[in-house]
>>> print(open('work.txt').read())   # compact mmCIF, C-alpha atoms
# COMPACT_ATOMS: atom_id res chain seq x y z
CA MET A 1 -3.64 10.10 -10.70
CA LEU A 2 -0.79 11.79 -8.90
CA ASP A 3 2.55 10.52 -7.70
CA ARG A 4 2.37 11.55 -4.05
CA ARG A 5 6.02 12.52 -3.73
CA ASP A 6 6.03 14.65 -6.87
CA PHE A 7 2.78 16.34 -5.85
CA VAL A 8 3.82 17.20 -2.28
CA ARG A 9 7.21 18.41 -3.52
CA GLU A 10 5.43 20.75 -5.93
CA LEU A 11 3.06 21.96 -3.19
CA LEU A 12 5.91 22.80 -0.84
CA ALA A 13 8.20 24.42 -3.41
CA ASP A 14 8.91 28.07 -2.63
CA ARG A 15 6.92 27.61 0.55
CA GLY A 16 7.85 30.93 2.10
CA ASP A 17 6.50 31.14 5.63
CA LEU A 18 3.87 28.42 5.20
CA LEU A 19 3.18 26.38 8.36
CA VAL A 20 2.71 22.66 7.69
CA ILE A 21 1.05 19.95 9.77
CA ALA A 22 1.82 16.52 8.31
CA GLY A 23 -0.50 13.62 9.16
CA LEU A 24 0.86 10.34 10.46
CA GLY A 25 2.33 7.76 8.13
CA SER A 26 2.99 8.48 4.50
CA ALA A 27 2.02 12.16 4.63
CA THR A 28 4.79 12.75 7.17
CA TYR A 29 7.26 10.89 4.94
CA ASP A 30 6.09 12.89 1.91
CA ALA A 31 6.59 16.20 3.70
CA ALA A 32 10.05 15.09 4.84
CA ALA A 33 10.95 13.92 1.32
CA ALA A 34 10.02 17.35 -0.02
CA GLY A 35 12.70 18.82 2.26
CA ASP A 36 12.93 18.85 6.03
CA HIS A 37 11.85 22.19 7.46
CA PRO A 38 11.50 23.53 11.01
CA LEU A 39 7.98 24.73 10.20
CA ASN A 40 6.88 21.15 9.51
CA PHE A 41 5.07 19.54 12.44
CA TYR A 42 5.37 15.82 11.79
CA LEU A 43 2.85 13.45 13.30
CA TRP A 44 3.82 9.88 14.11
CA GLY A 45 0.58 9.05 15.89
CA ALA A 46 -2.55 10.77 17.22
CA MET A 47 -4.47 9.46 14.23
CA GLY A 48 -7.44 11.62 13.37
CA GLY A 49 -5.92 14.72 14.92
CA ALA A 50 -4.15 16.52 12.09
CA LEU A 51 -7.01 18.82 11.09
CA MET A 52 -7.64 19.97 14.64
CA ILE A 53 -3.96 20.77 15.18
CA GLY A 54 -4.26 22.85 12.04
CA LEU A 55 -7.31 24.64 13.44
CA GLY A 56 -5.63 25.47 16.75
CA LEU A 57 -2.60 26.80 14.91
CA ALA A 58 -4.67 28.77 12.40
CA LEU A 59 -6.64 30.42 15.21
CA ALA A 60 -3.46 31.23 17.12
CA ARG A 61 -1.69 32.70 14.09
CA PRO A 62 -4.22 34.38 11.80
CA ASP A 63 -1.29 36.26 10.24
CA ARG A 64 0.16 33.05 8.78
CA ARG A 65 -1.02 30.42 6.32
CA VAL A 66 -1.49 26.88 7.64
CA ALA A 67 -1.55 23.75 5.46
CA VAL A 68 -2.57 20.38 6.85
CA ILE A 69 -1.29 17.62 4.57
CA THR A 70 -2.64 14.22 5.51
CA GLY A 71 -3.86 10.89 4.23
CA ASP A 72 -7.37 9.60 3.70
CA GLY A 73 -7.19 7.38 6.79
CA ASP A 74 -6.33 10.21 9.18
CA PHE A 75 -8.87 12.47 7.47
CA LEU A 76 -11.67 9.91 7.77
CA MET A 77 -10.94 9.25 11.44
CA GLY A 78 -11.37 12.95 12.20
CA LEU A 79 -14.39 13.73 10.03
CA GLY A 80 -16.11 15.60 12.85
CA SER A 81 -13.27 18.13 12.64
CA LEU A 82 -14.75 19.34 9.36
CA ALA A 83 -17.83 20.56 11.23
CA THR A 84 -15.69 22.10 13.97
CA ILE A 85 -13.59 23.95 11.39
CA GLY A 86 -16.71 24.95 9.46
CA VAL A 87 -18.07 26.67 12.55
CA LYS A 88 -14.89 28.69 13.13
CA GLN A 89 -14.25 29.53 9.43
CA PRO A 90 -10.48 30.09 9.63
CA GLN A 91 -9.59 31.93 6.44
CA ASN A 92 -5.93 30.91 6.70
CA LEU A 93 -6.42 27.13 6.87
CA ALA A 94 -6.02 24.70 3.97
CA VAL A 95 -6.41 20.93 4.15
CA VAL A 96 -4.83 18.64 1.57
CA VAL A 97 -6.08 15.05 1.63
CA LEU A 98 -3.66 12.68 -0.08
CA ASP A 99 -6.14 9.99 -1.04
CA ASN A 100 -4.90 6.64 -2.30
CA ALA A 101 -8.14 5.00 -1.10
CA HIS A 102 -6.11 2.56 1.00
CA TYR A 103 -4.59 2.18 4.44
CA GLY A 104 -1.05 2.15 3.10
CA GLU A 105 0.81 1.59 6.38
CA THR A 106 -1.06 -1.55 7.32
CA GLY A 107 -1.35 -3.67 4.20
CA MET A 108 -3.30 -1.58 1.70
CA GLN A 109 -6.77 -2.36 2.99
CA ALA A 110 -9.53 -0.35 1.29
CA SER A 111 -10.55 2.94 2.89
CA ALA A 112 -14.02 4.47 2.72
CA THR A 113 -13.07 6.79 -0.13
CA GLN A 114 -12.76 3.70 -2.31
CA SER A 115 -16.52 3.28 -1.91
CA GLY A 116 -17.15 6.79 -3.11
CA ILE A 117 -17.16 8.71 0.16
CA ASP A 118 -16.32 12.15 -1.18
CA PRO A 119 -14.02 14.54 0.76
CA VAL A 120 -14.98 17.48 -1.45
CA ALA A 121 -18.70 17.05 -0.79
CA LEU A 122 -18.04 16.54 2.91
CA ALA A 123 -16.03 19.75 3.12
CA LEU A 124 -18.59 21.81 1.23
CA ALA A 125 -21.37 20.41 3.43
CA CYS A 126 -19.33 21.65 6.39
CA ARG A 127 -19.17 25.20 5.02
CA PHE A 128 -15.62 25.12 3.70
CA LYS A 129 -15.23 28.15 1.45
CA GLN A 130 -13.89 26.02 -1.37
CA ALA A 131 -13.04 22.42 -2.06
CA ARG A 132 -11.72 20.79 -5.19
CA GLN A 133 -10.29 17.58 -6.49
CA VAL A 134 -6.94 17.35 -8.23
CA ALA A 135 -5.54 14.39 -10.15
CA LEU A 136 -3.04 15.93 -12.57
CA ILE A 137 0.45 17.10 -11.64
CA GLU A 138 0.03 20.01 -14.07
CA GLU A 139 -2.47 21.48 -11.59
CA ALA A 140 -0.02 21.44 -8.68
CA GLY A 141 1.03 25.04 -9.23
CA ALA A 142 -2.56 26.24 -8.96
CA ILE A 143 -3.03 24.22 -5.79
CA ARG A 144 0.17 25.70 -4.35
CA ALA A 145 -1.23 29.17 -5.03
CA LEU A 146 -4.42 28.17 -3.22
CA LEU A 147 -2.43 27.13 -0.14
CA HIS A 148 -0.74 30.52 -0.04
CA SER A 149 -3.62 32.83 -0.88
CA GLY A 150 -6.93 31.00 -1.32
CA GLU A 151 -9.73 31.93 1.06
CA GLY A 152 -10.14 29.26 3.68
CA PRO A 153 -11.17 27.06 5.10
CA LEU A 154 -10.39 25.17 1.93
CA LEU A 155 -9.85 21.53 1.07
CA VAL A 156 -7.95 19.85 -1.74
CA HIS A 157 -8.76 16.24 -2.49
CA ALA A 158 -5.65 14.89 -4.18
CA ARG A 159 -6.15 11.58 -5.96
CA ILE A 160 -2.84 9.78 -5.64
CA LYS A 161 -1.66 6.45 -6.97
CA PRO A 162 -1.74 3.56 -4.46
CA GLN A 163 2.00 3.06 -4.80
CA ASP A 164 4.63 1.81 -2.42
CA THR A 165 7.06 4.67 -1.79
CA PRO A 166 10.28 4.42 0.19
CA ARG A 167 9.99 5.79 3.71
CA VAL A 168 11.75 9.07 4.37
CA LEU A 169 11.93 9.39 8.12
CA PRO A 170 12.17 12.82 9.74
CA LEU A 171 12.57 13.65 13.43
CA ARG A 172 10.57 11.31 15.65
CA ASP A 173 11.11 12.91 19.06
CA GLY A 174 7.90 14.82 19.71
CA HIS A 175 9.50 17.34 22.04
CA ALA A 176 12.19 18.11 19.46
CA ILE A 177 9.65 18.52 16.65
CA LYS A 178 7.58 20.87 18.78
CA GLN A 179 10.49 22.92 20.12
CA ARG A 180 12.00 23.35 16.68
CA PHE A 181 8.66 24.49 15.25
CA VAL A 182 7.92 26.93 18.07
CA ALA A 183 11.42 28.41 17.93
CA ALA A 184 11.25 28.88 14.16
CA LEU A 185 7.78 30.43 14.28
CA ASN A 186 8.63 32.90 17.00
CA ASN A 187 11.92 34.08 15.47
CA MET B 1 -38.23 17.87 27.47
CA HIS B 2 -35.88 17.55 30.37
CA SER B 3 -33.83 20.45 31.60
CA PRO B 4 -31.04 20.45 34.18
CA THR B 5 -31.27 22.75 37.17
CA ASN B 6 -29.39 23.48 40.36
CA ILE B 7 -26.08 24.67 38.90
CA ALA B 8 -23.99 26.68 41.34
CA ILE B 9 -22.91 30.07 39.99
CA ALA B 10 -19.79 31.23 41.82
CA TRP B 11 -17.02 28.84 40.81
CA PRO B 12 -17.33 29.29 37.04
CA GLU B 13 -16.44 32.97 37.45
CA ILE B 14 -13.43 31.98 39.51
CA ILE B 15 -12.19 29.57 36.84
CA HIS B 16 -12.72 32.13 34.08
CA HIS B 17 -10.71 34.64 36.09
CA GLN B 18 -7.86 32.14 36.29
CA PHE B 19 -8.06 31.55 32.53
CA ARG B 20 -7.61 35.28 32.05
CA ARG B 21 -4.82 35.49 34.60
CA VAL B 22 -2.67 32.90 32.82
CA GLY B 23 -3.59 34.14 29.34
CA ILE B 24 -5.60 31.23 27.99
CA ARG B 25 -6.69 32.21 24.47
CA GLN B 26 -8.50 29.12 23.21
CA VAL B 27 -11.09 27.02 25.01
CA GLY B 28 -12.42 23.84 23.41
CA TYR B 29 -15.46 22.11 24.81
CA VAL B 30 -18.18 19.58 24.36
CA PRO B 31 -21.06 21.11 26.31
CA ASP B 32 -22.02 19.80 29.71
CA ALA B 33 -24.69 21.24 31.96
CA GLY B 34 -22.12 21.65 34.70
CA HIS B 35 -19.91 23.74 32.42
CA SER B 36 -22.73 25.87 30.99
CA ARG B 37 -21.89 29.06 32.91
CA LEU B 38 -18.15 28.78 32.26
CA ILE B 39 -18.85 28.20 28.56
CA GLU B 40 -20.94 31.39 28.48
CA LEU B 41 -18.14 33.33 30.15
CA CYS B 42 -15.62 32.08 27.59
CA GLN B 43 -17.95 32.81 24.68
CA SER B 44 -18.44 36.39 25.80
CA ASP B 45 -14.71 36.98 26.39
CA PRO B 46 -13.20 38.77 23.38
CA ASP B 47 -9.74 37.43 24.23
CA ILE B 48 -10.82 33.79 24.12
CA ALA B 49 -11.65 31.79 20.99
CA ASP B 50 -14.33 29.31 22.03
CA VAL B 51 -14.42 26.15 19.94
CA VAL B 52 -17.35 23.77 20.18
CA LEU B 53 -16.08 20.27 19.43
CA THR B 54 -17.95 17.34 17.93
CA THR B 55 -15.97 14.99 20.17
CA GLU B 56 -13.61 15.69 23.05
CA GLU B 57 -10.57 14.20 21.33
CA GLU B 58 -10.66 17.06 18.84
CA GLY B 59 -9.82 19.34 21.73
CA VAL B 60 -6.50 17.59 22.27
CA GLY B 61 -5.45 18.50 18.74
CA LEU B 62 -6.70 22.04 19.27
CA VAL B 63 -4.49 22.44 22.36
CA ALA B 64 -1.45 21.21 20.44
CA GLY B 65 -2.07 23.51 17.50
CA ALA B 66 -2.64 26.49 19.77
CA ALA B 67 0.65 25.78 21.55
CA LEU B 68 2.53 25.52 18.25
CA GLY B 69 1.20 28.99 17.51
CA GLY B 70 2.24 30.33 20.91
CA GLN B 71 -1.18 30.31 22.58
CA ARG B 72 -2.40 28.58 25.73
CA ALA B 73 -5.57 26.53 25.59
CA ALA B 74 -7.90 24.75 28.00
CA LEU B 75 -10.51 22.05 27.54
CA LEU B 76 -13.88 21.62 29.19
CA MET B 77 -15.56 18.25 29.15
CA GLN B 78 -17.74 15.85 31.08
CA SER B 79 -16.25 12.72 32.61
CA SER B 80 -17.69 10.61 29.78
CA GLY B 81 -15.62 12.64 27.32
CA VAL B 82 -12.33 11.69 28.93
CA GLY B 83 -12.73 8.20 27.53
CA ASN B 84 -13.06 9.63 24.03
CA CYS B 85 -9.59 11.18 24.26
CA ILE B 86 -7.27 8.40 25.38
CA ASN B 87 -5.15 7.79 22.29
CA MET B 88 -5.12 11.46 21.35
CA PHE B 89 -3.69 12.30 24.79
CA SER B 90 -0.45 10.69 23.55
CA LEU B 91 0.08 13.86 21.51
CA LEU B 92 0.32 15.97 24.67
CA ARG B 93 2.65 13.58 26.42
CA ASN B 94 4.92 12.85 23.47
CA CYS B 95 5.48 16.50 22.65
CA GLY B 96 5.12 18.12 26.08
CA PHE B 97 2.19 20.37 25.35
CA GLY B 98 0.95 22.15 28.48
CA CYS B 99 -2.76 21.62 28.93
CA VAL B 100 -5.49 22.15 31.51
CA VAL B 101 -8.57 19.97 31.31
CA LEU B 102 -11.56 20.75 33.52
CA VAL B 103 -13.77 17.72 33.91
CA THR B 104 -17.29 17.89 35.32
CA MET B 105 -18.03 14.58 36.98
CA ARG B 106 -20.98 12.36 36.31
CA GLY B 107 -21.62 8.85 37.50
CA GLU B 108 -20.91 9.46 41.18
CA PHE B 109 -22.63 11.23 44.08
CA GLY B 110 -26.36 10.97 43.57
CA GLU B 111 -26.15 10.06 39.88
CA PHE B 112 -29.56 9.06 38.60
CA ASN B 113 -28.32 7.59 35.30
CA PRO B 114 -26.46 4.28 35.62
CA TRP B 115 -25.07 4.67 32.10
CA GLN B 116 -22.82 7.43 33.42
CA VAL B 117 -21.28 5.23 36.10
CA PRO B 118 -18.85 3.01 34.14
CA MET B 119 -16.87 5.95 32.71
CA GLY B 120 -17.36 8.23 35.71
CA SER B 121 -15.93 5.63 38.05
CA ILE B 122 -12.67 5.29 36.08
CA THR B 123 -12.20 8.90 34.92
CA ALA B 124 -9.51 9.84 37.45
CA ASP B 125 -7.57 6.61 36.86
CA VAL B 126 -7.75 7.00 33.08
CA LEU B 127 -6.37 10.52 33.33
CA ARG B 128 -3.52 9.42 35.60
CA LEU B 129 -2.64 6.54 33.31
CA SER B 130 -2.68 8.98 30.39
CA GLY B 131 -0.02 11.11 32.06
CA PHE B 132 -2.12 13.81 33.70
CA LEU B 133 -1.53 15.33 37.08
CA THR B 134 -5.02 14.87 38.42
CA CYS B 135 -6.71 16.76 41.21
CA ARG B 136 -10.28 16.65 42.41
CA ILE B 137 -12.36 19.49 43.85
CA ASP B 138 -15.29 18.74 46.15
CA ASP B 139 -15.61 22.11 47.87
CA ALA B 140 -16.21 25.45 46.12
CA ASP B 141 -13.78 27.09 48.53
CA ASP B 142 -10.93 25.13 46.92
CA VAL B 143 -11.62 26.12 43.33
CA GLU B 144 -9.43 29.21 43.16
CA ASP B 145 -6.32 27.68 44.74
CA ILE B 146 -6.46 24.42 42.83
CA VAL B 147 -7.28 25.88 39.43
CA ALA B 148 -4.61 28.54 39.86
CA ALA B 149 -2.01 25.97 40.86
CA GLY B 150 -3.05 23.64 38.06
CA CYS B 151 -2.80 26.34 35.41
CA ASP B 152 0.63 27.42 36.65
CA MET B 153 1.97 23.88 36.67
CA ALA B 154 0.57 23.13 33.24
CA PHE B 155 1.90 26.17 31.46
CA ASP B 156 5.10 26.81 33.40
CA GLY B 157 6.12 23.17 33.11
CA ASP B 158 4.53 21.99 29.85
CA LEU B 159 2.56 19.46 31.87
CA GLN B 160 -0.86 17.94 31.47
CA VAL B 161 -3.18 18.83 34.33
CA ALA B 162 -6.71 17.56 34.87
CA ILE B 163 -9.04 19.03 37.46
CA LEU B 164 -12.12 17.04 38.32
CA LEU B 165 -15.12 19.06 39.45
CA SER B 166 -17.10 16.66 41.57
CA GLN B 167 -20.79 16.10 41.28
CA ARG B 168 -21.20 17.46 44.80
CA LEU B 169 -19.55 20.70 43.72
CA ILE B 170 -21.48 21.22 40.52
CA GLY B 171 -24.75 20.07 41.99
CA ARG B 172 -26.46 16.76 41.66
CA LYS B 173 -28.04 16.72 38.23
CA GLN B 174 -31.77 17.07 38.61
CA TRP B 175 -34.40 16.68 35.96
CA THR B 176 -37.74 18.37 35.61
CA ARG B 177 -40.44 16.74 33.58
>>> encode(input="work.txt", output="C-alpha cells")
Amino acid sequence: MLDRRDFVRELLADRGDLLVIAGLGSATYDAAAAGDHPLNFYLWGAMGGALMIGLGLALARPDRRVAVITGDGDFLMGLGSLATIGVKQPQNLAVVVLDNAHYGETGMQASATQSGIDPVALALACRFKQARQVALIEEAGAIRALLHSGEGPLLVHARIKPQDTPRVLPLRDGHAIKQRFVAALNN
Amino acid sequence: MHSPTNIAIAWPEIIHHQFRRVGIRQVGYVPDAGHSRLIELCQSDPDIADVVLTTEEEGVGLVAGAALGGQRAALLMQSSGVGNCINMFSLLRNCGFGCVVLVTMRGEFGEFNPWQVPMGSITADVLRLSGFLTCRIDDADDVEDIVAAGCDMAFDGDLQVAILLSQRLIGRKQWTR
C-alpha cells in the first residue's frame, strides 16, 4: 500500500497547468504538503462535494485538465456524483480516491471500502472511461501521466496505508482560496 | 400513472431570457414538474450546459466549480430539495460564490400531498438561515423584474440569491388518473 504523502507528491510533480480540487481533511493536507499552489482549491468542509466541484470546473474549462484528489469518506458521501459525471462525460476530469478505508479525521472508524465497496467498479458502472487501482509507488508516474492526458472521466483508486500523518495546513479562508485560484487561472 | 398538468408557459421563457442576459453557462437541476419548461429551454440552449443531478446538493458543488472556471451557474429545484443542500450551502457562503437558485414551491397553496408540507413550510426560512437573499414571486407579472434583480445581485456581488416560485404562480399541482 501507498504512503499518501509520497504518492500525492509524485502525482503533483511537474504539474504544469493542472487544476486541483482537494477534498476536505487529509487530502487537503496532502495537496498542501506536496507544495502550495494557487491552482489548488482546498476544501475544509462541504463533505461530499469535491467531485461535483471538479465537474463544474471541467465543464467550464474544457481546455484544462482537472484532478479531484479526495479521501474515501468524501467520495462515499458523494457517490451520486459518479452518475452525474457519467452522464456529462467530461474528458478532462480525473478523480483520485485516496482510500485508507477509515475516517481518519475522526478516530479511524471503518469506512465502507473496508467492507469491499469498490470505487473502481462503481466508476465503471457509471460510465467512467477508465478506472484502475494503484497500490505501488512505482506506478505513480503512470498515474501522473493519466491525470495529464488520459481520456476522462477517469478514476484512480489509490490504496493508501492507514497512517497518522502530520497535518500540513494551507489557506483556510475560503474567499482567499477562491480568489487566488480564479486570479491564477485567468492570468 | 399520474401526470401533472396545468403548468403556465410564459414565465419560464422570461427566466431563460434572464439566464442568457447575464451569461449563465451551467444549469444544474433535479427535475420538478414546475420547472419542466425551463429545463427544456436550458437543454435546447447551445450556450448552456444542463446537468441533471442525483441530489440537489450536488448542484452547490457544480456552481462552485463553474465559478472557479469563470462561468456563472444557476440551480433549479423543488422546495423539498432545499433541505438536501443545507451543509453544502456553506461552500457558497465561505468562499463567496455567486449563485441563483430558483425554487418551485410545494407544500403550500392547494397542496394535495401532506408529505410536501413539512419542508415546503420552512423552505424560505432555511434559505435565509443558510445565507441566501430570498425573494418570493406570487404573480407572473413580477417574474422579469425579480429574476433580473436577483441575477444581478448574485453575480455582481458574489451573493447567494434564492427566488421562490410560489405554487399559485406555477399552478396548483393536479393529478389525472
>>> interface_residues(input="work.txt", of="chain B", to="chain A", cutoff="8 Å", atoms="only C-alpha atoms", output="PyMOL selection string")
chain B and resi 26+49+51-55+57-71+87-91+94-96
>>> residues_around(input="work.txt", residues="Val27 in chain B", least_positions_apart="6", cutoff="6 Å", atoms="all atoms listed in the file", output="PyMOL selection string")
chain B and resi 50+73-75
>>> atom_distance(input="work.txt", atom1="CA of Val100 in chain B", atom2="CA of Leu38 in chain B")
14.3 Å
>>> residues_around(input="work.txt", residues="range 159-170 of chain A", least_positions_apart="6", cutoff="7 Å", atoms="only C-alpha atoms", output="PDB file with C-alpha atoms, in the coordinates of the input")
ATOM      1  CA  MET A   1      -3.640  10.100 -10.700  1.00  0.00           C
ATOM      2  CA  LEU A   2      -0.790  11.790  -8.900  1.00  0.00           C
ATOM      3  CA  ASP A   3       2.550  10.520  -7.700  1.00  0.00           C
ATOM      4  CA  ARG A   4       2.370  11.550  -4.050  1.00  0.00           C
ATOM      5  CA  TYR A  29       7.260  10.890   4.940  1.00  0.00           C
ATOM      6  CA  ALA A  32      10.050  15.090   4.840  1.00  0.00           C
ATOM      7  CA  ALA A  33      10.950  13.920   1.320  1.00  0.00           C
ATOM      8  CA  LEU A  98      -3.660  12.680  -0.080  1.00  0.00           C
ATOM      9  CA  ASP A  99      -6.140   9.990  -1.040  1.00  0.00           C
ATOM     10  CA  ASN A 100      -4.900   6.640  -2.300  1.00  0.00           C
ATOM     11  CA  VAL A 134      -6.940  17.350  -8.230  1.00  0.00           C
ATOM     12  CA  ALA A 135      -5.540  14.390 -10.150  1.00  0.00           C
TER      13      ALA A 135
END
>>> atom_distance(input="work.txt", atom1="CA of Val103 in chain B", atom2="CA of Asp74 in chain A")
26.9 Å
>>> closest_residue(input="work.txt", among="B:Leu129, B:Val30, B:Cys85, B:Leu76", to="Leu102 in chain B", atoms="only C-alpha atoms")
B:Leu76
>>> atom_distance(input="work.txt", atom1="CA of Asp6 in chain A", atom2="CA of Val66 in chain A")
20.4 Å
>>> closest_residue(input="work.txt", among="B:Ile24, B:Cys42, B:Ile14, B:Leu127", to="Ser79 in chain B", atoms="only C-alpha atoms")
B:Leu127
>>> residues_near_point(input="work.txt", point="(-10.6, 11.6, 38.5)", cutoff="12 Å", atoms="all atoms listed in the file", output="ChimeraX atom specification")
/B:78-80,82-83,101-108,119-130,132-138,161-167
>>> build_atoms(input="work.txt", residues="range 7-35 of chain A", atoms="N, CA and C atoms", output="mmCIF file, keeping the file's coordinate frame")
data_model
loop_
_atom_site.group_PDB
_atom_site.id
_atom_site.type_symbol
_atom_site.label_atom_id
_atom_site.label_comp_id
_atom_site.auth_asym_id
_atom_site.auth_seq_id
_atom_site.Cartn_x
_atom_site.Cartn_y
_atom_site.Cartn_z
ATOM 1 N N PHE A 7 3.824 15.357 -6.143
ATOM 2 C CA PHE A 7 2.780 16.340 -5.850
ATOM 3 C C PHE A 7 3.122 17.157 -4.600
ATOM 4 N N VAL A 8 3.516 16.477 -3.523
ATOM 5 C CA VAL A 8 3.820 17.200 -2.280
ATOM 6 C C VAL A 8 5.066 18.079 -2.478
ATOM 7 N N ARG A 9 6.024 17.582 -3.244
ATOM 8 C CA ARG A 9 7.210 18.410 -3.520
ATOM 9 C C ARG A 9 6.818 19.682 -4.252
ATOM 10 N N GLU A 10 5.917 19.564 -5.208
ATOM 11 C CA GLU A 10 5.430 20.750 -5.930
ATOM 12 C C GLU A 10 4.672 21.698 -4.986
ATOM 13 N N LEU A 11 3.843 21.124 -4.115
ATOM 14 C CA LEU A 11 3.060 21.960 -3.190
ATOM 15 C C LEU A 11 3.954 22.770 -2.271
ATOM 16 N N LEU A 12 5.060 22.157 -1.847
ATOM 17 C CA LEU A 12 5.910 22.800 -0.840
ATOM 18 C C LEU A 12 7.107 23.524 -1.448
ATOM 19 N N ALA A 13 7.146 23.627 -2.770
ATOM 20 C CA ALA A 13 8.200 24.420 -3.410
ATOM 21 C C ALA A 13 7.955 25.894 -3.088
ATOM 22 N N ASP A 14 9.035 26.624 -2.922
ATOM 23 C CA ASP A 14 8.910 28.070 -2.630
ATOM 24 C C ASP A 14 7.868 28.309 -1.538
ATOM 25 N N ARG A 15 7.997 27.617 -0.444
ATOM 26 C CA ARG A 15 6.920 27.610 0.550
ATOM 27 C C ARG A 15 6.864 28.872 1.386
ATOM 28 N N GLY A 16 7.899 29.691 1.333
ATOM 29 C CA GLY A 16 7.850 30.930 2.100
ATOM 30 C C GLY A 16 7.670 30.669 3.569
ATOM 31 N N ASP A 17 6.684 31.326 4.182
ATOM 32 C CA ASP A 17 6.500 31.140 5.630
ATOM 33 C C ASP A 17 5.303 30.239 5.948
ATOM 34 N N LEU A 18 4.973 29.363 5.013
ATOM 35 C CA LEU A 18 3.870 28.420 5.200
ATOM 36 C C LEU A 18 4.130 27.505 6.401
ATOM 37 N N LEU A 19 3.100 27.319 7.232
ATOM 38 C CA LEU A 19 3.180 26.380 8.360
ATOM 39 C C LEU A 19 2.514 25.079 7.944
ATOM 40 N N VAL A 20 3.198 23.950 8.203
ATOM 41 C CA VAL A 20 2.710 22.660 7.690
ATOM 42 C C VAL A 20 2.520 21.665 8.831
ATOM 43 N N ILE A 21 1.319 21.089 8.894
ATOM 44 C CA ILE A 21 1.050 19.950 9.770
ATOM 45 C C ILE A 21 0.968 18.723 8.869
ATOM 46 N N ALA A 22 1.801 17.722 9.138
ATOM 47 C CA ALA A 22 1.820 16.520 8.310
ATOM 48 C C ALA A 22 1.203 15.362 9.084
ATOM 49 N N GLY A 23 0.187 14.730 8.503
ATOM 50 C CA GLY A 23 -0.500 13.620 9.160
ATOM 51 C C GLY A 23 0.368 12.387 9.257
ATOM 52 N N LEU A 24 0.018 11.506 10.188
ATOM 53 C CA LEU A 24 0.860 10.340 10.460
ATOM 54 C C LEU A 24 0.987 9.443 9.237
ATOM 55 N N GLY A 25 2.093 8.714 9.208
ATOM 56 C CA GLY A 25 2.330 7.760 8.130
ATOM 57 C C GLY A 25 2.899 8.443 6.896
ATOM 58 N N SER A 26 2.378 8.067 5.758
ATOM 59 C CA SER A 26 2.990 8.480 4.500
ATOM 60 C C SER A 26 3.015 9.986 4.303
ATOM 61 N N ALA A 27 2.013 10.696 4.819
ATOM 62 C CA ALA A 27 2.020 12.160 4.630
ATOM 63 C C ALA A 27 3.230 12.785 5.313
ATOM 64 N N THR A 28 3.581 12.264 6.497
ATOM 65 C CA THR A 28 4.790 12.750 7.170
ATOM 66 C C THR A 28 6.038 12.435 6.344
ATOM 67 N N TYR A 29 6.090 11.229 5.765
ATOM 68 C CA TYR A 29 7.260 10.890 4.940
ATOM 69 C C TYR A 29 7.309 11.756 3.683
ATOM 70 N N ASP A 30 6.139 12.046 3.113
ATOM 71 C CA ASP A 30 6.090 12.890 1.910
ATOM 72 C C ASP A 30 6.596 14.302 2.208
ATOM 73 N N ALA A 31 6.154 14.848 3.343
ATOM 74 C CA ALA A 31 6.590 16.200 3.700
ATOM 75 C C ALA A 31 8.097 16.214 3.943
ATOM 76 N N ALA A 32 8.608 15.164 4.595
ATOM 77 C CA ALA A 32 10.050 15.090 4.840
ATOM 78 C C ALA A 32 10.816 14.948 3.524
ATOM 79 N N ALA A 33 10.275 14.148 2.606
ATOM 80 C CA ALA A 33 10.950 13.920 1.320
ATOM 81 C C ALA A 33 11.009 15.195 0.494
ATOM 82 N N ALA A 34 10.024 16.079 0.716
ATOM 83 C CA ALA A 34 10.020 17.350 -0.020
ATOM 84 C C ALA A 34 11.076 18.302 0.516
ATOM 85 N N GLY A 35 11.668 17.959 1.660
ATOM 86 C CA GLY A 35 12.700 18.820 2.260
ATOM 87 C C GLY A 35 12.349 19.110 3.702
#
